[in-house]
file coords_25.txt (compact mmCIF, C-alpha atoms)
# COMPACT_ATOMS: atom_id res chain seq x y z
CA MET K 1135 124.77 22.88 149.05
CA ALA K 1136 127.06 20.01 150.00
CA GLU K 1137 130.29 21.12 151.61
CA ALA K 1138 133.27 20.87 149.28
CA LEU K 1139 135.94 18.32 150.04
CA PRO K 1140 139.61 19.29 149.88
CA SER K 1141 140.96 18.70 146.40
CA LEU K 1142 143.72 16.53 147.88
CA MET K 1143 141.01 13.97 148.57
CA LEU K 1144 140.72 13.29 144.85
CA PRO K 1145 140.72 9.49 144.77
CA ALA K 1146 143.74 7.67 143.42
CA SER K 1147 141.43 5.95 140.91
CA SER K 1148 140.44 9.26 139.29
CA TRP K 1149 141.19 9.59 135.60
CA LEU K 1150 142.74 12.95 136.43
CA ARG K 1151 145.49 11.09 138.30
CA SER K 1152 145.97 8.46 135.60
CA ALA K 1153 149.17 8.81 133.56
CA PRO K 1154 147.71 6.91 130.56
CA HIS K 1155 144.65 9.16 130.57
CA ARG K 1156 146.77 12.28 130.68
CA ARG K 1157 148.87 10.97 127.78
CA TRP K 1158 145.64 10.29 125.89
CA LEU K 1159 144.53 13.89 126.45
CA ASP K 1160 147.87 15.19 125.23
CA LEU K 1161 147.71 13.05 122.09
CA GLN K 1162 144.17 14.14 121.28
CA GLY K 1163 145.20 17.76 121.69
CA GLN K 1164 148.17 17.37 119.34
CA ARG K 1165 145.96 15.70 116.74
CA LEU K 1166 143.57 18.64 116.87
CA LEU K 1167 146.41 21.12 116.48
CA ASP K 1168 147.73 19.31 113.42
CA PHE K 1169 144.29 18.93 111.84
CA SER K 1170 143.60 22.69 112.04
CA LYS K 1171 146.88 23.92 110.54
CA PRO K 1172 145.45 24.11 106.98
CA ALA K 1173 143.04 26.81 108.25
CA ARG K 1174 145.81 29.37 107.73
CA ILE K 1175 145.15 31.63 104.72
CA PRO K 1176 146.90 34.90 103.73
CA ASP K 1177 144.65 37.25 105.75
CA GLY K 1178 144.19 35.10 108.85
CA PHE K 1179 142.42 31.80 109.51
CA THR K 1180 139.32 30.38 107.88
CA ALA K 1181 136.77 27.66 108.54
CA LEU K 1182 137.52 24.08 107.51
CA GLY K 1183 135.16 21.71 105.76
CA ASP K 1184 134.48 18.16 106.85
CA ASP K 1185 137.58 16.99 104.97
CA GLY K 1186 139.88 19.39 106.81
CA ARG K 1187 140.36 21.71 103.84
CA PRO K 1188 139.35 25.39 103.77
CA MET K 1189 135.70 25.74 102.87
CA LYS K 1190 134.98 26.92 99.35
CA ASP K 1191 134.75 30.72 99.10
CA GLY K 1192 135.63 31.00 102.78
CA GLY K 1193 137.61 34.09 103.69
CA ALA K 1194 139.47 35.13 106.80
CA ASP K 1195 137.27 35.16 109.88
CA SER K 1196 138.32 37.41 112.74
CA ILE K 1197 136.74 35.28 115.48
CA LEU K 1198 138.43 32.16 114.16
CA THR K 1199 141.69 34.05 113.73
CA ALA K 1200 141.64 35.28 117.32
CA ARG K 1201 140.75 31.85 118.68
CA MET K 1202 143.41 30.11 116.61
CA THR K 1203 145.98 32.70 117.67
CA HIS K 1204 145.17 32.05 121.33
CA VAL K 1205 145.37 28.27 120.94
CA TYR K 1206 148.57 28.18 118.90
CA ALA K 1207 150.24 30.68 121.23
CA VAL K 1208 149.48 28.47 124.25
CA ALA K 1209 150.53 25.38 122.31
CA ALA K 1210 153.81 27.08 121.39
CA GLY K 1211 154.42 27.49 125.11
CA ARG K 1212 154.23 23.72 125.41
CA GLY K 1213 157.09 23.34 122.93
CA LEU K 1214 155.02 21.98 120.03
CA PRO K 1215 156.62 22.64 116.60
CA GLY K 1216 154.77 24.72 114.03
CA CYS K 1217 152.62 26.53 116.56
CA ALA K 1218 154.64 29.72 117.15
CA PRO K 1219 154.63 30.73 113.45
CA LEU K 1220 150.86 30.23 113.31
CA ALA K 1221 150.38 32.40 116.40
CA ALA K 1222 152.57 35.05 114.77
CA HIS K 1223 150.47 34.85 111.60
CA GLY K 1224 147.34 35.40 113.67
CA VAL K 1225 148.78 38.44 115.44
CA ALA K 1226 149.92 39.97 112.14
CA SER K 1227 146.47 39.39 110.63
CA LEU K 1228 144.70 41.01 113.57
CA LEU K 1229 147.02 44.00 113.37
CA GLY K 1230 146.69 44.15 109.59
CA PRO K 1231 143.85 43.18 107.26
CA LEU K 1232 141.31 42.33 109.97
CA ARG K 1233 141.67 45.60 111.89
CA ASP K 1234 139.72 48.78 111.09
CA PRO K 1235 142.51 51.29 110.35
CA ARG K 1236 140.13 54.26 110.44
CA HIS K 1237 138.11 53.85 113.63
CA GLY K 1238 139.98 51.06 115.41
CA GLY K 1239 138.59 47.74 116.53
CA TRP K 1240 137.79 44.65 114.50
CA PHE K 1241 135.12 43.40 112.14
CA GLU K 1242 134.17 39.75 111.75
CA GLY K 1243 135.95 39.64 108.37
CA PRO K 1244 138.47 41.85 106.57
CA ALA K 1245 138.14 45.54 107.44
CA GLN K 1246 137.00 46.49 103.95
CA ALA K 1247 133.95 44.24 104.35
CA GLY K 1248 132.53 46.48 107.10
CA GLY K 1249 129.74 45.40 109.42
CA ARG K 1250 129.20 45.92 113.14
CA LYS K 1251 131.80 45.66 115.88
CA GLN K 1252 130.84 42.93 118.32
CA ALA K 1253 131.80 42.48 121.99
CA TYR K 1254 131.99 38.73 121.39
CA LEU K 1255 134.79 39.16 118.84
CA HIS K 1256 136.68 41.75 120.86
CA ALA K 1257 136.78 39.45 123.89
CA PHE K 1258 138.59 36.87 121.76
CA VAL K 1259 141.00 39.46 120.37
CA ALA K 1260 141.94 40.42 123.95
CA LEU K 1261 142.33 36.75 124.86
CA ALA K 1262 144.50 36.05 121.81
CA ALA K 1263 146.68 39.07 122.44
CA SER K 1264 147.23 38.18 126.10
CA SER K 1265 148.25 34.61 125.22
CA ALA K 1266 150.56 35.85 122.48
CA VAL K 1267 152.24 38.30 124.89
CA VAL K 1268 153.13 35.43 127.23
CA GLN K 1269 154.95 33.70 124.37
CA HIS K 1270 156.64 36.90 123.13
CA VAL K 1271 154.99 36.65 119.72
CA PRO K 1272 156.09 39.58 117.52
CA GLY K 1273 153.50 42.36 117.62
CA ALA K 1274 151.62 40.88 120.56
CA ASP K 1275 152.31 43.80 122.92
CA GLN K 1276 150.92 46.25 120.38
CA LEU K 1277 147.89 44.05 119.74
CA LEU K 1278 147.14 43.77 123.45
CA LYS K 1279 147.49 47.53 123.95
CA GLU K 1280 145.08 48.28 121.11
CA ALA K 1281 142.64 45.56 122.13
CA LEU K 1282 142.44 46.75 125.73
CA ASP K 1283 142.09 50.37 124.67
CA VAL K 1284 139.11 49.52 122.45
CA TRP K 1285 137.61 47.15 125.00
CA ASP K 1286 137.87 49.71 127.79
CA ARG K 1287 136.92 52.80 125.78
CA HIS K 1288 133.92 51.46 123.87
CA PHE K 1289 132.60 48.23 125.36
CA TRP K 1290 132.96 48.37 129.14
CA SER K 1291 130.00 49.93 130.99
CA GLU K 1292 131.21 50.94 134.43
CA ASP K 1293 127.71 51.78 135.63
CA GLU K 1294 126.35 48.35 134.70
CA GLY K 1295 129.44 46.25 135.38
CA ILE K 1296 129.04 44.61 132.00
CA PHE K 1297 130.32 44.78 128.42
CA ARG K 1298 128.11 46.47 125.83
CA GLU K 1299 127.14 44.36 122.85
CA SER K 1300 127.86 46.04 119.48
CA PHE K 1301 128.34 49.27 117.56
CA ALA K 1302 128.47 50.58 114.02
CA ALA K 1303 131.88 50.92 112.39
CA ASP K 1304 132.40 54.47 113.75
CA TRP K 1305 131.29 53.45 117.28
CA SER K 1306 127.88 55.09 116.90
CA ASP K 1307 124.52 53.29 117.01
CA GLU K 1308 124.99 51.18 120.13
CA GLU K 1309 122.82 48.08 119.89
CA ASP K 1310 119.75 47.93 122.12
CA TYR K 1311 120.79 44.58 123.54
CA ARG K 1312 122.60 43.10 126.50
CA GLY K 1313 123.80 39.53 126.04
CA ALA K 1314 125.13 36.87 128.38
CA ASN K 1315 127.20 35.03 125.75
CA ALA K 1316 129.60 37.86 124.90
CA ASN K 1317 130.00 38.67 128.58
CA MET K 1318 130.71 35.03 129.41
CA HIS K 1319 133.67 35.01 127.03
CA SER K 1320 134.68 38.40 128.38
CA VAL K 1321 135.01 36.83 131.84
CA GLU K 1322 137.53 34.34 130.43
CA ALA K 1323 139.42 37.08 128.63
CA CYS K 1324 139.42 39.38 131.67
CA MET K 1325 141.05 36.69 133.80
CA ALA K 1326 143.73 36.08 131.18
CA VAL K 1327 144.41 39.80 130.78
CA ALA K 1328 144.69 40.24 134.56
CA ASP K 1329 147.27 37.46 134.73
CA VAL K 1330 149.33 38.87 131.88
CA THR K 1331 149.20 42.58 132.74
CA GLY K 1332 149.15 42.28 136.53
CA ASN K 1333 146.24 44.74 136.57
CA ALA K 1334 143.62 43.45 139.01
CA ILE K 1335 140.92 45.71 137.56
CA TRP K 1336 140.23 43.08 134.90
CA ARG K 1337 139.66 40.39 137.52
CA THR K 1338 137.33 42.77 139.36
CA ARG K 1339 135.40 43.33 136.17
CA ALA K 1340 135.06 39.59 135.66
CA LEU K 1341 133.57 39.30 139.13
CA ARG K 1342 131.13 42.16 138.46
CA ILE K 1343 129.88 40.42 135.31
CA VAL K 1344 129.41 37.16 137.19
CA GLU K 1345 127.59 38.92 140.04
CA ARG K 1346 125.00 40.34 137.64
CA VAL K 1347 124.54 37.58 135.08
CA ILE K 1348 124.89 34.55 137.35
CA HIS K 1349 124.60 35.40 141.04
CA THR K 1350 121.59 37.68 140.47
CA LEU K 1351 119.83 36.75 137.21
CA ALA K 1352 120.63 33.04 136.79
CA ARG K 1353 120.40 32.21 140.49
CA GLY K 1354 116.96 33.78 140.48
CA ALA K 1355 116.00 31.46 137.61
CA GLY K 1356 117.07 28.25 139.35
CA TYR K 1357 120.54 28.42 137.78
CA ALA K 1358 119.23 28.42 134.24
CA VAL K 1359 120.86 31.29 132.34
CA PRO K 1360 118.58 33.71 130.48
CA GLU K 1361 120.74 35.37 127.83
CA HIS K 1362 118.82 38.07 125.96
CA TYR K 1363 117.99 41.50 127.40
CA ASP K 1364 117.50 45.04 126.16
CA ARG K 1365 119.65 47.91 127.39
CA ASN K 1366 117.35 48.41 130.38
CA TRP K 1367 117.84 44.77 131.40
CA THR K 1368 114.33 43.73 130.45
CA LEU K 1369 114.35 40.03 129.58
CA LEU K 1370 113.52 39.38 125.92
CA LYS K 1371 111.72 36.05 126.12
CA ASP K 1372 110.74 36.03 122.44
CA PHE K 1373 114.16 37.05 121.13
CA HIS K 1374 114.93 35.06 117.94
CA ARG K 1375 111.86 32.87 118.38
CA ASP K 1376 111.89 32.67 114.58
CA ARG K 1377 115.60 31.73 114.56
CA PRO K 1378 115.94 28.87 117.06
CA THR K 1379 119.12 27.56 115.40
CA ASP K 1380 121.00 30.87 115.39
CA ASP K 1381 124.65 30.07 116.06
CA LEU K 1382 125.32 32.85 118.59
CA ARG K 1383 121.95 34.11 119.86
CA PRO K 1384 119.43 31.26 119.65
CA TYR K 1385 115.94 31.47 121.07
CA GLY K 1386 115.53 30.24 124.65
CA MET K 1387 118.44 29.09 126.77
CA THR K 1388 121.57 27.04 126.13
CA PRO K 1389 122.52 24.33 128.69
CA GLY K 1390 126.05 24.30 127.25
CA HIS K 1391 126.40 27.86 128.51
CA PHE K 1392 125.14 26.90 131.97
CA VAL K 1393 128.03 24.46 132.34
CA GLU K 1394 130.51 26.81 130.66
CA TRP K 1395 129.70 29.49 133.22
CA ALA K 1396 130.17 26.85 135.94
CA HIS K 1397 133.84 26.25 135.21
CA LEU K 1398 134.50 29.95 134.63
CA LEU K 1399 133.20 30.67 138.13
CA LEU K 1400 135.57 28.09 139.60
CA LYS K 1401 138.48 29.54 137.65
CA LEU K 1402 137.57 33.01 138.86
CA GLU K 1403 137.36 31.75 142.45
CA ALA K 1404 140.80 30.17 142.09
CA ALA K 1405 142.23 33.33 140.53
CA LEU K 1406 140.88 35.52 143.33
CA LEU K 1407 142.20 33.14 145.98
CA ARG K 1408 145.58 32.92 144.28
CA GLU K 1409 146.03 36.67 143.97
CA GLY K 1410 144.24 38.08 147.00
CA GLY K 1411 143.60 35.20 149.37
CA SER K 1412 139.81 35.53 149.39
CA ALA K 1413 136.84 34.95 147.11
CA PRO K 1414 133.05 35.08 147.55
CA PRO K 1415 131.86 31.67 148.82
CA TRP K 1416 128.88 31.80 146.49
CA LEU K 1417 131.13 31.25 143.47
CA LEU K 1418 131.37 27.55 144.34
CA ASP K 1419 127.69 27.26 145.21
CA ASP K 1420 126.67 28.92 141.96
CA ALA K 1421 129.03 26.73 139.92
CA ILE K 1422 127.51 23.59 141.44
CA GLY K 1423 124.00 24.88 140.74
CA LEU K 1424 124.81 25.79 137.15
CA PHE K 1425 126.28 22.37 136.39
CA ARG K 1426 123.36 20.57 138.01
CA THR K 1427 120.76 22.57 136.07
CA GLY K 1428 122.70 22.39 132.80
CA MET K 1429 123.05 18.62 132.87
CA HIS K 1430 119.45 18.13 134.01
CA ALA K 1431 118.11 20.38 131.27
CA GLY K 1432 120.39 19.25 128.46
CA TRP K 1433 121.82 15.74 128.85
CA ALA K 1434 120.08 12.81 127.12
CA ARG K 1435 116.73 14.56 127.17
CA ASP K 1436 115.46 12.56 124.19
CA GLY K 1437 116.83 9.20 125.25
CA ALA K 1438 120.20 9.38 123.49
CA PRO K 1439 123.39 10.60 125.20
CA GLY K 1440 124.80 14.06 124.58
CA LEU K 1441 124.10 17.64 125.66
CA LEU K 1442 121.54 19.30 123.38
CA TYR K 1443 121.68 22.86 122.04
CA THR K 1444 118.72 24.78 123.45
CA VAL K 1445 115.75 24.57 125.79
CA GLY K 1446 112.72 26.78 126.34
CA TRP K 1447 111.71 28.66 129.46
CA ASP K 1448 110.17 25.47 130.83
CA LEU K 1449 113.53 23.70 130.26
CA GLU K 1450 111.95 21.51 127.59
CA PRO K 1451 114.10 20.83 124.49
CA VAL K 1452 113.86 23.23 121.55
CA VAL K 1453 116.83 22.27 119.36
CA HIS K 1454 117.87 18.66 120.00
CA ASN K 1455 121.12 18.78 118.01
CA ARG K 1456 124.36 18.27 119.94
CA PRO K 1457 127.05 20.84 119.10
CA HIS K 1458 130.62 19.75 119.84
CA TRP K 1459 131.28 22.77 122.04
CA CYS K 1460 128.48 21.86 124.46
CA GLN K 1461 130.14 18.51 125.14
CA ALA K 1462 133.58 20.08 125.52
CA GLU K 1463 132.32 22.67 128.00
CA ALA K 1464 130.37 20.09 130.00
CA MET K 1465 133.49 17.94 130.28
CA THR K 1466 135.57 20.96 131.27
CA ALA K 1467 133.05 21.88 133.97
CA ALA K 1468 133.02 18.32 135.32
CA ALA K 1469 136.83 18.36 135.48
CA ALA K 1470 136.86 21.70 137.27
CA LEU K 1471 134.27 20.60 139.82
CA LEU K 1472 136.13 17.34 140.36
CA LYS K 1473 139.40 19.17 141.02
CA ARG K 1474 137.66 21.70 143.25
CA THR K 1475 135.55 19.32 145.34
CA GLY K 1476 136.78 15.74 144.95
CA HIS K 1477 133.17 14.55 144.76
CA GLY K 1478 132.62 11.25 142.97
CA GLN K 1479 129.62 12.50 140.96
CA TYR K 1480 131.94 14.71 138.95
CA GLU K 1481 134.29 11.82 138.27
CA HIS K 1482 131.26 9.97 136.88
CA TRP K 1483 130.33 12.89 134.64
CA TYR K 1484 133.91 13.44 133.55
CA ARG K 1485 134.21 9.84 132.36
CA THR K 1486 130.71 9.77 130.87
CA ILE K 1487 131.21 12.88 128.78
CA TRP K 1488 134.64 11.83 127.52
CA ASP K 1489 133.22 8.43 126.59
CA TYR K 1490 130.53 10.21 124.58
CA ILE K 1491 133.02 12.53 122.86
CA ASP K 1492 135.33 9.64 122.04
CA LEU K 1493 132.62 7.45 120.54
CA HIS K 1494 130.57 10.11 118.77
CA MET K 1495 132.48 13.37 118.25
CA ILE K 1496 136.06 12.42 117.37
CA ASP K 1497 136.25 11.84 113.60
CA ARG K 1498 138.79 9.08 113.11
CA GLY K 1499 138.10 8.97 109.37
CA GLN K 1500 138.77 12.54 108.29
CA GLY K 1501 140.25 13.98 111.46
CA GLY K 1502 139.24 16.62 113.98
CA TRP K 1503 135.94 16.65 115.82
CA LEU K 1504 132.53 16.60 114.19
CA GLN K 1505 130.97 20.01 114.55
CA GLU K 1506 127.46 18.86 115.38
CA LEU K 1507 125.31 15.73 115.74
CA ASP K 1508 121.56 15.32 115.49
CA ARG K 1509 119.30 13.83 118.18
CA HIS K 1510 120.29 10.34 116.99
CA ASN K 1511 124.00 11.22 117.18
CA GLN K 1512 124.42 11.26 113.42
CA PRO K 1513 126.42 14.05 111.69
CA SER K 1514 124.35 17.17 111.10
CA ALA K 1515 124.79 20.78 109.95
CA VAL K 1516 121.63 22.50 111.16
CA VAL K 1517 123.35 25.02 113.43
CA TYR K 1518 127.01 24.77 112.35
CA GLN K 1519 128.71 23.73 109.12
CA GLY K 1520 132.12 22.23 108.51
CA LYS K 1521 134.59 21.00 111.10
CA ALA K 1522 134.86 22.36 114.61
CA ASP K 1523 137.56 24.97 115.17
CA LEU K 1524 140.21 24.43 117.81
CA TYR K 1525 139.01 26.63 120.65
CA HIS K 1526 136.54 24.50 122.62
CA ALA K 1527 137.85 21.05 121.70
CA TRP K 1528 141.55 21.74 122.23
CA GLN K 1529 141.00 23.54 125.53
CA ALA K 1530 139.03 20.51 126.70
CA THR K 1531 142.13 18.37 126.21
CA LEU K 1532 144.32 20.83 128.15
CA THR K 1533 142.08 21.82 131.07
CA PRO K 1534 142.46 18.53 133.01
CA LEU K 1535 146.26 18.90 132.84
CA LEU K 1536 146.36 22.36 134.45
CA PRO K 1537 145.33 23.97 137.75
CA LEU K 1538 142.19 26.12 137.86
CA ALA K 1539 144.37 29.24 138.02
CA PRO K 1540 146.15 31.01 136.49
CA SER K 1541 144.75 31.12 132.95
CA PHE K 1542 145.97 28.85 130.15
CA ALA K 1543 148.95 30.74 128.70
CA THR K 1544 150.26 31.86 132.09
CA ALA K 1545 149.81 28.40 133.61
CA VAL K 1546 151.71 26.74 130.77
CA ALA K 1547 154.52 29.29 131.08
CA ILE K 1548 154.81 28.67 134.84
CA MET K 1549 154.88 24.91 134.33
CA ASP K 1550 157.65 25.26 131.77
CA ASN K 1551 159.72 27.20 134.29

call {"tool": "encode", "arguments": {"input": "coords_25.txt", "output": "structure tokens"}}
result
Amino acid sequence: MAEALPSLMLPASSWLRSAPHRRWLDLQGQRLLDFSKPARIPDGFTALGDDGRPMKDGGADSILTARMTHVYAVAAGRGLPGCAPLAAHGVASLLGPLRDPRHGGWFEGPAQAGGRKQAYLHAFVALAASSAVVQHVPGADQLLKEALDVWDRHFWSEDEGIFRESFAADWSDEEDYRGANANMHSVEACMAVADVTGNAIWRTRALRIVERVIHTLARGAGYAVPEHYDRNWTLLKDFHRDRPTDDLRPYGMTPGHFVEWAHLLLKLEAALLREGGSAPPWLLDDAIGLFRTGMHAGWARDGAPGLLYTVGWDLEPVVHNRPHWCQAEAMTAAAALLKRTGHGQYEHWYRTIWDYIDLHMIDRGQGGWLQELDRHNQPSAVVYQGKADLYHAWQATLTPLLPLAPSFATAVAIMDN
């Protein structure tokens, strides 16, 4: 690997140093926040249609509610009107109608609807609660306490150094599955929780997840990220072969996740250095490898720009559609690598990806970002319907404005002080 340059060697011409560019980022972020405000409904937050109105027959969604709570809590810390009440609404919904009052934990919709309890969702509840605590949102301390109790008691596997995937409502019937996606978002949440609580165990757990999923499994696959395993860590190569457009567990591999892991590794490295003064040197090497493989496997593979959804085991395209979140995470990874290394290739990618998002993803007619484009960069709804929620897009507008550590809510609070 090429030796990293000191971040102070970031060239003066970098967009990250440009005041007009930073103002542009801030404006785009505020537009996203305003566009998503109609997603508030009595029991939480719901998905929006292409026109920015709640989708017909759409109810409260716990994942969306947690993600919106996180975003509006951080935005409230930036002094943006209207955001604190929305964060409070999210906390109240997660403590109320979306929580299982009998067995604890959260379902994807209102508690009375039942279903399984997913690690993916619970990572976002922990993230939302930690961000809300920073901004002193009413009920946030209670939400964080309950979220961490459930996360620790039911999902964390100390022997494996990983979060378990899902359970029945009463915490029986553990799923015979180990997934990279839920654990990736758990890494983000663990870092935020460590910053907010001061308990380093969560940062240690983030590192243990990364060591298994990335430094062992992905590194052994050339920094592609296999995602589907059984409980014995046998790779499930045919998992969802009949459902290639599944929105959370698609067949094959997802280049957008390769690059998302890349910036999480850099943020973990920065967090470890900030708190303890040392971090494994392979975190940077692995981040560079993940970004390189993700962009090689996913960017403009069919002649048109954009990062596609999935590839097979030979890294050939499977689903050519371009979800918005893949572009946001690629841009975020390029920004993180640029700040960490100062290398010009990441400046190139940072500009290239933002150019693509600006020209293809930002909907200047109806607002927000388009959720998904096809291989010709025309609007599509094969994998996702409606408008993109705030989480990926809004964080992409904030990441370049902040240091790699601490996490979003804590970093904003420090900057305000």

call {"tool": "atom_distance", "arguments": {"input": "coords_25.txt", "atom1": "atom CA of K:Ala1405", "atom2": "atom CA of K:Leu1166"}}
result
27.9 Å

call {"tool": "atom_distance", "arguments": {"input": "coords_25.txt", "atom1": "atom CA of K:Leu1407", "atom2": "atom CA of K:Leu1341"}}
result
12.6 Å

call {"tool": "atom_distance", "arguments": {"input": "coords_25.txt", "atom1": "atom CA of K:Asp1177", "atom2": "atom CA of K:Gly1193"}}
result
8.0 Å

call {"tool": "closest_residue", "arguments": {"input": "coords_25.txt", "among": "K:Thr1388, K:Thr1180, K:Gln1529, K:Ser1147", "to": "K:Arg1485", "atoms": "only C-alpha atoms"}}
result
K:Ser1147

call {"tool": "closest_residue", "arguments": {"input": "coords_25.txt", "among": "K:Arg1157, K:Asp1523, K:Leu1504, K:Thr1544", "to": "K:Pro1172", "atoms": "only C-alpha atoms"}}
result
K:Asp1523

call {"tool": "residues_around", "arguments": {"input": "coords_25.txt", "residues": "K:Phe1258", "least_positions_apart": "4", "cutoff": "10 Å", "atoms": "all atoms listed in the file", "output": "list in words"}}
result
Ser1196, Ile1197, Leu1198, Thr1199, Ala1200, Arg1201, Met1202, Thr1203, His1204, Ala1253, Tyr1254, Ala1262, Ala1263, Ser1264, Ala1281, Ala1316, His1319, Ser1320, Glu1322 and Ala1323 of chain K

call {"tool": "residues_around", "arguments": {"input": "coords_25.txt", "residues": "K:Ile1335", "least_positions_apart": "2", "cutoff": "12 Å", "atoms": "all atoms listed in the file", "output": "VMD selection string"}}
result
chain K and resid 1282 1286 1290 1292 1295 1324 to 1329 1331 to 1333 1337 to 1342 1406

call {"tool": "residues_around", "arguments": {"input": "coords_25.txt", "residues": "stretch 1436-1440 of chain K", "least_positions_apart": "3", "cutoff": "8 Å", "atoms": "all atoms listed in the file", "output": "ChimeraX atom specification"}}
result
/K:1432-1433,1454,1456,1461,1487,1490,1509-1511

call {"tool": "residues_around", "arguments": {"input": "coords_25.txt", "residues": "K:Ala1527", "least_positions_apart": "3", "cutoff": "12 Å", "atoms": "all atoms listed in the file", "output": "JSON, numbers by chain"}}
result
{"K": [1159, 1162, 1163, 1164, 1165, 1166, 1167, 1169, 1170, 1201, 1202, 1205, 1457, 1458, 1459, 1460, 1461, 1462, 1463, 1464, 1465, 1466, 1488, 1491, 1492, 1495, 1496, 1502, 1503, 1504, 1505, 1521, 1522, 1523, 1524, 1530, 1531, 1532, 1533]}

call {"tool": "closest_residue", "arguments": {"input": "coords_25.txt", "among": "K:Ala1226, K:Ala1153, K:Leu1441, K:Met1549", "to": "K:Gln1276", "atoms": "only C-alpha atoms"}}
result
K:Ala1226
